[in-house]
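So this one's protein09.txt, compact mmCIF, N, CA and C atoms:
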# COMPACT_ATOMS: atom_id res chain seq x y z
N MET A 1 64.07 -70.28 -163.26
CA MET A 1 63.60 -68.91 -163.20
C MET A 1 62.15 -68.92 -162.70
N LYS A 2 61.86 -68.03 -161.75
CA LYS A 2 60.51 -67.91 -161.19
C LYS A 2 60.07 -66.46 -161.36
N ILE A 3 58.91 -66.28 -161.95
CA ILE A 3 58.36 -64.94 -162.20
C ILE A 3 57.08 -64.79 -161.39
N THR A 4 56.95 -63.66 -160.68
CA THR A 4 55.72 -63.36 -159.96
C THR A 4 54.82 -62.56 -160.89
N LEU A 5 53.59 -63.00 -161.01
CA LEU A 5 52.63 -62.30 -161.86
C LEU A 5 52.19 -61.00 -161.20
N ALA A 6 52.07 -59.95 -161.98
CA ALA A 6 51.61 -58.67 -161.46
C ALA A 6 50.18 -58.80 -160.95
N THR A 7 49.38 -59.61 -161.64
CA THR A 7 48.01 -59.88 -161.24
C THR A 7 47.82 -61.39 -161.19
N PRO A 8 47.50 -61.94 -160.02
CA PRO A 8 47.23 -63.38 -159.95
C PRO A 8 46.11 -63.76 -160.91
N LEU A 9 46.23 -64.93 -161.54
CA LEU A 9 45.27 -65.37 -162.55
C LEU A 9 44.75 -66.77 -162.24
N ALA A 10 43.49 -66.99 -162.58
CA ALA A 10 42.88 -68.32 -162.42
C ALA A 10 43.39 -69.23 -163.54
N LEU A 11 43.39 -70.52 -163.27
CA LEU A 11 43.85 -71.49 -164.27
C LEU A 11 43.10 -71.36 -165.59
N HIS A 12 41.78 -71.18 -165.53
CA HIS A 12 41.01 -71.07 -166.78
C HIS A 12 41.42 -69.84 -167.59
N THR A 13 41.80 -68.77 -166.91
CA THR A 13 42.26 -67.57 -167.60
C THR A 13 43.61 -67.81 -168.25
N LEU A 14 44.52 -68.46 -167.54
CA LEU A 14 45.83 -68.78 -168.11
C LEU A 14 45.70 -69.69 -169.32
N ALA A 15 44.81 -70.67 -169.23
CA ALA A 15 44.61 -71.58 -170.36
C ALA A 15 44.10 -70.82 -171.58
N ALA A 16 43.17 -69.90 -171.37
CA ALA A 16 42.63 -69.11 -172.47
C ALA A 16 43.72 -68.22 -173.07
N MET A 17 44.54 -67.62 -172.22
CA MET A 17 45.61 -66.75 -172.69
C MET A 17 46.65 -67.54 -173.50
N ALA A 18 46.90 -68.77 -173.09
CA ALA A 18 47.88 -69.61 -173.77
C ALA A 18 47.29 -70.29 -175.01
N GLY A 19 45.97 -70.24 -175.15
CA GLY A 19 45.33 -70.93 -176.26
C GLY A 19 45.38 -72.43 -176.09
N GLY A 20 45.43 -72.88 -174.82
CA GLY A 20 45.55 -74.30 -174.55
C GLY A 20 44.29 -74.90 -173.97
N LYS A 21 44.30 -76.21 -173.89
CA LYS A 21 43.19 -76.96 -173.30
C LYS A 21 43.53 -77.22 -171.84
N LEU A 22 42.59 -76.97 -170.96
CA LEU A 22 42.79 -77.17 -169.53
C LEU A 22 42.28 -78.54 -169.13
N ILE A 23 43.18 -79.38 -168.64
CA ILE A 23 42.85 -80.72 -168.16
C ILE A 23 42.92 -80.68 -166.64
N LEU A 24 41.81 -80.96 -165.97
CA LEU A 24 41.75 -80.88 -164.51
C LEU A 24 41.60 -82.27 -163.90
N HIS A 25 42.32 -82.49 -162.81
CA HIS A 25 42.18 -83.73 -162.06
C HIS A 25 42.16 -83.37 -160.58
N ASN A 26 40.96 -83.32 -159.99
CA ASN A 26 40.76 -82.97 -158.58
C ASN A 26 41.24 -81.56 -158.24
N VAL A 27 41.14 -80.64 -159.20
CA VAL A 27 41.53 -79.24 -159.00
C VAL A 27 40.48 -78.37 -159.69
N SER A 28 40.15 -77.24 -159.09
CA SER A 28 39.19 -76.31 -159.68
C SER A 28 39.86 -75.43 -160.72
N ASP A 29 39.12 -75.09 -161.77
CA ASP A 29 39.66 -74.17 -162.79
C ASP A 29 39.77 -72.75 -162.25
N GLU A 30 39.22 -72.51 -161.05
CA GLU A 30 39.31 -71.21 -160.40
C GLU A 30 40.59 -71.07 -159.56
N ARG A 31 41.38 -72.13 -159.46
CA ARG A 31 42.61 -72.08 -158.66
C ARG A 31 43.47 -70.91 -159.14
N ILE A 32 43.98 -70.15 -158.21
CA ILE A 32 44.76 -68.95 -158.52
C ILE A 32 46.25 -69.27 -158.61
N ILE A 33 46.86 -68.76 -159.66
CA ILE A 33 48.30 -68.89 -159.88
C ILE A 33 48.93 -67.52 -159.67
N THR A 34 49.98 -67.47 -158.86
CA THR A 34 50.65 -66.19 -158.58
C THR A 34 52.05 -66.12 -159.19
N ARG A 35 52.61 -67.29 -159.53
CA ARG A 35 53.96 -67.31 -160.09
C ARG A 35 54.06 -68.33 -161.22
N ILE A 36 55.06 -68.16 -162.06
CA ILE A 36 55.37 -69.10 -163.14
C ILE A 36 56.84 -69.44 -163.04
N CYS A 37 57.17 -70.73 -163.21
CA CYS A 37 58.58 -71.13 -163.15
C CYS A 37 58.90 -72.14 -164.25
N THR A 38 60.20 -72.24 -164.57
CA THR A 38 60.68 -73.23 -165.52
C THR A 38 61.63 -74.22 -164.83
N ASP A 39 61.85 -74.03 -163.55
CA ASP A 39 62.73 -74.91 -162.77
C ASP A 39 61.87 -75.70 -161.80
N SER A 40 61.86 -77.02 -161.93
CA SER A 40 60.99 -77.86 -161.10
C SER A 40 61.27 -77.70 -159.62
N ARG A 41 62.47 -77.28 -159.25
CA ARG A 41 62.82 -77.09 -157.84
C ARG A 41 62.14 -75.88 -157.23
N GLU A 42 61.55 -75.04 -158.06
CA GLU A 42 60.87 -73.83 -157.57
C GLU A 42 59.35 -73.98 -157.58
N ALA A 43 58.85 -75.15 -157.94
CA ALA A 43 57.41 -75.37 -158.03
C ALA A 43 56.80 -75.45 -156.63
N ASP A 44 55.59 -74.91 -156.50
CA ASP A 44 54.81 -75.06 -155.28
C ASP A 44 53.34 -74.92 -155.64
N GLY A 45 52.48 -74.85 -154.66
CA GLY A 45 51.04 -74.90 -154.88
C GLY A 45 50.42 -73.80 -155.70
N ASP A 46 51.02 -72.62 -155.73
CA ASP A 46 50.42 -71.53 -156.51
C ASP A 46 51.31 -71.10 -157.67
N THR A 47 52.18 -71.99 -158.11
CA THR A 47 53.09 -71.71 -159.22
C THR A 47 52.77 -72.62 -160.39
N LEU A 48 52.76 -72.06 -161.59
CA LEU A 48 52.58 -72.83 -162.82
C LEU A 48 53.97 -73.25 -163.29
N PHE A 49 54.21 -74.57 -163.34
CA PHE A 49 55.49 -75.08 -163.83
C PHE A 49 55.38 -75.28 -165.34
N CYS A 50 56.26 -74.62 -166.08
CA CYS A 50 56.27 -74.73 -167.54
C CYS A 50 57.27 -75.81 -167.94
N ALA A 51 56.78 -76.89 -168.49
CA ALA A 51 57.63 -78.02 -168.91
C ALA A 51 58.12 -77.74 -170.33
N ILE A 52 59.28 -77.11 -170.42
CA ILE A 52 59.84 -76.72 -171.71
C ILE A 52 60.75 -77.84 -172.23
N ARG A 53 60.57 -78.17 -173.50
CA ARG A 53 61.42 -79.18 -174.14
C ARG A 53 62.53 -78.44 -174.87
N GLY A 54 63.78 -78.69 -174.46
CA GLY A 54 64.93 -78.05 -175.08
C GLY A 54 65.79 -79.06 -175.82
N GLU A 55 66.95 -78.62 -176.26
CA GLU A 55 67.87 -79.49 -176.99
C GLU A 55 68.46 -80.57 -176.10
N ARG A 56 68.74 -80.23 -174.84
CA ARG A 56 69.40 -81.17 -173.92
C ARG A 56 68.48 -81.73 -172.85
N VAL A 57 67.48 -80.98 -172.47
CA VAL A 57 66.62 -81.37 -171.35
C VAL A 57 65.15 -81.19 -171.75
N ASP A 58 64.33 -82.14 -171.33
CA ASP A 58 62.89 -82.05 -171.55
C ASP A 58 62.22 -81.82 -170.20
N GLY A 59 61.63 -80.65 -170.02
CA GLY A 59 60.97 -80.31 -168.76
C GLY A 59 59.87 -81.27 -168.36
N HIS A 60 59.30 -82.00 -169.32
CA HIS A 60 58.27 -82.98 -169.01
C HIS A 60 58.82 -84.06 -168.08
N SER A 61 60.12 -84.34 -168.17
CA SER A 61 60.76 -85.34 -167.31
C SER A 61 60.80 -84.91 -165.85
N TYR A 62 60.60 -83.62 -165.59
CA TYR A 62 60.71 -83.07 -164.25
C TYR A 62 59.35 -82.73 -163.63
N MET A 63 58.27 -83.06 -164.31
CA MET A 63 56.95 -82.76 -163.77
C MET A 63 56.69 -83.52 -162.48
N GLY A 64 57.15 -84.75 -162.40
CA GLY A 64 57.00 -85.54 -161.17
C GLY A 64 57.72 -84.92 -160.01
N LYS A 65 58.93 -84.42 -160.25
CA LYS A 65 59.73 -83.76 -159.21
C LYS A 65 59.02 -82.48 -158.76
N ALA A 66 58.50 -81.72 -159.72
CA ALA A 66 57.75 -80.51 -159.37
C ALA A 66 56.55 -80.84 -158.50
N ALA A 67 55.86 -81.95 -158.81
CA ALA A 67 54.71 -82.37 -158.01
C ALA A 67 55.13 -82.77 -156.61
N GLU A 68 56.27 -83.42 -156.48
CA GLU A 68 56.78 -83.81 -155.16
C GLU A 68 57.00 -82.58 -154.27
N LEU A 69 57.34 -81.46 -154.89
CA LEU A 69 57.60 -80.22 -154.15
C LEU A 69 56.33 -79.40 -153.94
N GLY A 70 55.18 -79.95 -154.34
CA GLY A 70 53.91 -79.27 -154.12
C GLY A 70 53.29 -78.67 -155.36
N GLY A 71 53.95 -78.78 -156.49
CA GLY A 71 53.41 -78.24 -157.73
C GLY A 71 52.17 -79.00 -158.18
N THR A 72 51.16 -78.27 -158.58
CA THR A 72 49.92 -78.90 -159.03
C THR A 72 49.43 -78.34 -160.35
N ALA A 73 50.11 -77.34 -160.90
CA ALA A 73 49.70 -76.72 -162.16
C ALA A 73 50.86 -76.77 -163.14
N PHE A 74 50.56 -77.25 -164.36
CA PHE A 74 51.61 -77.47 -165.35
C PHE A 74 51.20 -76.96 -166.72
N LEU A 75 52.14 -76.36 -167.41
CA LEU A 75 51.97 -76.00 -168.82
C LEU A 75 52.84 -77.00 -169.57
N CYS A 76 52.23 -77.80 -170.43
CA CYS A 76 52.97 -78.89 -171.06
C CYS A 76 52.45 -79.17 -172.47
N GLU A 77 53.24 -79.91 -173.24
CA GLU A 77 52.85 -80.27 -174.60
C GLU A 77 51.95 -81.50 -174.63
N ARG A 78 52.02 -82.30 -173.59
CA ARG A 78 51.22 -83.52 -173.51
C ARG A 78 50.91 -83.81 -172.04
N VAL A 79 49.81 -84.48 -171.80
CA VAL A 79 49.47 -84.88 -170.44
C VAL A 79 50.26 -86.15 -170.13
N PRO A 80 51.04 -86.12 -169.07
CA PRO A 80 51.85 -87.30 -168.74
C PRO A 80 50.99 -88.46 -168.23
N ASP A 81 51.48 -89.66 -168.46
CA ASP A 81 50.83 -90.86 -167.95
C ASP A 81 51.89 -91.66 -167.20
N PRO A 82 51.81 -91.74 -165.89
CA PRO A 82 50.72 -91.28 -165.04
C PRO A 82 50.80 -89.78 -164.79
N LEU A 83 49.71 -89.21 -164.27
CA LEU A 83 49.68 -87.80 -163.91
C LEU A 83 50.73 -87.54 -162.84
N PRO A 84 51.33 -86.34 -162.84
CA PRO A 84 52.40 -86.05 -161.88
C PRO A 84 51.92 -85.96 -160.42
N ALA A 85 50.65 -85.69 -160.19
CA ALA A 85 50.14 -85.55 -158.83
C ALA A 85 48.69 -86.01 -158.77
N ALA A 86 48.23 -86.42 -157.58
CA ALA A 86 46.85 -86.87 -157.39
C ALA A 86 45.87 -85.75 -157.71
N SER A 87 46.25 -84.52 -157.41
CA SER A 87 45.45 -83.34 -157.74
C SER A 87 46.33 -82.42 -158.58
N CYS A 88 45.95 -82.25 -159.84
CA CYS A 88 46.77 -81.38 -160.70
C CYS A 88 45.95 -80.85 -161.86
N ALA A 89 46.50 -79.83 -162.48
CA ALA A 89 45.91 -79.22 -163.67
C ALA A 89 47.01 -79.10 -164.71
N CYS A 90 46.68 -79.46 -165.94
CA CYS A 90 47.62 -79.33 -167.05
C CYS A 90 47.00 -78.44 -168.12
N ILE A 91 47.75 -77.46 -168.53
CA ILE A 91 47.37 -76.66 -169.70
C ILE A 91 48.19 -77.20 -170.85
N VAL A 92 47.50 -77.79 -171.82
CA VAL A 92 48.18 -78.44 -172.95
C VAL A 92 48.00 -77.61 -174.19
Output the structure of this file as structure tokens.
Amino acid sequence: MKITLATPLALHTLAAMAGGKLILHNVSDERIITRICTDSREADGDTLFCAIRGERVDGHSYMGKAAELGGTAFLCERVPDPLPAASCACIV
């Protein structure tokens, strides 16, 4: 599922709204996010991929795939090791 935000938001704003810590690696906290998705196949440069852990599937396992498709912003429970992309931001 991919949702377009009514108002594009900067990563630092999304982190504050989520009550999370913003971890940056070669990305500015001013980077604008226009969409949010839960499917790694829909990730791209201005979409926040939400790595949801469910009963059968853990979205954290798909962060690398999302990065391969251009995703650089992630909402996750933990920062993966290694990072999913050379330039990425994680809201934990």
(request) Report as a VMD selection string: the residues of chain A with a DSSP assignment of strand (DSSP E or B), based on the backbone of this structure. (result) chain A and resid 2 to 10 22 to 25 32 to 37 47 to 50 53 58 73 to 75 88 to 91
With N, CA and C atoms retained, write the just-selected residues as a short mmCIF file (atom, residue, chain, number, x, y, z; two decimals), in the frame of the given file.
data_model
loop_
_atom_site.label_atom_id
_atom_site.label_comp_id
_atom_site.auth_asym_id
_atom_site.auth_seq_id
_atom_site.Cartn_x
_atom_site.Cartn_y
_atom_site.Cartn_z
N LYS A 2 61.86 -68.03 -161.75
CA LYS A 2 60.51 -67.91 -161.19
C LYS A 2 60.07 -66.46 -161.36
N ILE A 3 58.91 -66.28 -161.95
CA ILE A 3 58.36 -64.94 -162.20
C ILE A 3 57.08 -64.79 -161.39
N THR A 4 56.95 -63.66 -160.68
CA THR A 4 55.72 -63.36 -159.96
C THR A 4 54.82 -62.56 -160.89
N LEU A 5 53.59 -63.00 -161.01
CA LEU A 5 52.63 -62.30 -161.86
C LEU A 5 52.19 -61.00 -161.20
N ALA A 6 52.07 -59.95 -161.98
CA ALA A 6 51.61 -58.67 -161.46
C ALA A 6 50.18 -58.80 -160.95
N THR A 7 49.38 -59.61 -161.64
CA THR A 7 48.01 -59.88 -161.24
C THR A 7 47.82 -61.39 -161.19
N PRO A 8 47.50 -61.94 -160.02
CA PRO A 8 47.23 -63.38 -159.95
C PRO A 8 46.11 -63.76 -160.91
N LEU A 9 46.23 -64.93 -161.54
CA LEU A 9 45.27 -65.37 -162.55
C LEU A 9 44.75 -66.77 -162.24
N ALA A 10 43.49 -66.99 -162.58
CA ALA A 10 42.88 -68.32 -162.42
C ALA A 10 43.39 -69.23 -163.54
N LEU A 22 42.59 -76.97 -170.96
CA LEU A 22 42.79 -77.17 -169.53
C LEU A 22 42.28 -78.54 -169.13
N ILE A 23 43.18 -79.38 -168.64
CA ILE A 23 42.85 -80.72 -168.16
C ILE A 23 42.92 -80.68 -166.64
N LEU A 24 41.81 -80.96 -165.97
CA LEU A 24 41.75 -80.88 -164.51
C LEU A 24 41.60 -82.27 -163.90
N HIS A 25 42.32 -82.49 -162.81
CA HIS A 25 42.18 -83.73 -162.06
C HIS A 25 42.16 -83.37 -160.58
N ILE A 32 43.98 -70.15 -158.21
CA ILE A 32 44.76 -68.95 -158.52
C ILE A 32 46.25 -69.27 -158.61
N ILE A 33 46.86 -68.76 -159.66
CA ILE A 33 48.30 -68.89 -159.88
C ILE A 33 48.93 -67.52 -159.67
N THR A 34 49.98 -67.47 -158.86
CA THR A 34 50.65 -66.19 -158.58
C THR A 34 52.05 -66.12 -159.19
N ARG A 35 52.61 -67.29 -159.53
CA ARG A 35 53.96 -67.31 -160.09
C ARG A 35 54.06 -68.33 -161.22
N ILE A 36 55.06 -68.16 -162.06
CA ILE A 36 55.37 -69.10 -163.14
C ILE A 36 56.84 -69.44 -163.04
N CYS A 37 57.17 -70.73 -163.21
CA CYS A 37 58.58 -71.13 -163.15
C CYS A 37 58.90 -72.14 -164.25
N THR A 47 52.18 -71.99 -158.11
CA THR A 47 53.09 -71.71 -159.22
C THR A 47 52.77 -72.62 -160.39
N LEU A 48 52.76 -72.06 -161.59
CA LEU A 48 52.58 -72.83 -162.82
C LEU A 48 53.97 -73.25 -163.29
N PHE A 49 54.21 -74.57 -163.34
CA PHE A 49 55.49 -75.08 -163.83
C PHE A 49 55.38 -75.28 -165.34
N CYS A 50 56.26 -74.62 -166.08
CA CYS A 50 56.27 -74.73 -167.54
C CYS A 50 57.27 -75.81 -167.94
N ARG A 53 60.57 -78.17 -173.50
CA ARG A 53 61.42 -79.18 -174.14
C ARG A 53 62.53 -78.44 -174.87
N ASP A 58 64.33 -82.14 -171.33
CA ASP A 58 62.89 -82.05 -171.55
C ASP A 58 62.22 -81.82 -170.20
N ALA A 73 50.11 -77.34 -160.90
CA ALA A 73 49.70 -76.72 -162.16
C ALA A 73 50.86 -76.77 -163.14
N PHE A 74 50.56 -77.25 -164.36
CA PHE A 74 51.61 -77.47 -165.35
C PHE A 74 51.20 -76.96 -166.72
N LEU A 75 52.14 -76.36 -167.41
CA LEU A 75 51.97 -76.00 -168.82
C LEU A 75 52.84 -77.00 -169.57
N CYS A 88 45.95 -82.25 -159.84
CA CYS A 88 46.77 -81.38 -160.70
C CYS A 88 45.95 -80.85 -161.86
N ALA A 89 46.50 -79.83 -162.48
CA ALA A 89 45.91 -79.22 -163.67
C ALA A 89 47.01 -79.10 -164.71
N CYS A 90 46.68 -79.46 -165.94
CA CYS A 90 47.62 -79.33 -167.05
C CYS A 90 47.00 -78.44 -168.12
N ILE A 91 47.75 -77.46 -168.53
CA ILE A 91 47.37 -76.66 -169.70
C ILE A 91 48.19 -77.20 -170.85
#
(message) From a backbone DSSP assignment, name each residue in range 20-71 of chain A labelled alpha helix (DSSP H), as a ChimeraX atom specification.
(response) /A:63-68
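In this comparison, which uses only C-alpha atoms, the residue of A:Ala51, A:Ala6, A:Ser61, A:Thr13 approaching Arg35 in chain A most closely is A:Ala6.
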(request) To one decimal in Å, tell me the separation between CA of Lys2 in chain A and CA of Ala85 in chain A. (result)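 Between CA of Lys2 in chain A and CA of Ala85 in chain A the gap is 20.6 Å.
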(message) Report, in Å to a single decimal, how far apart atom C of Leu5 in chain A and atom N of Asp29 in chain A are.
(response) 19.2 Å
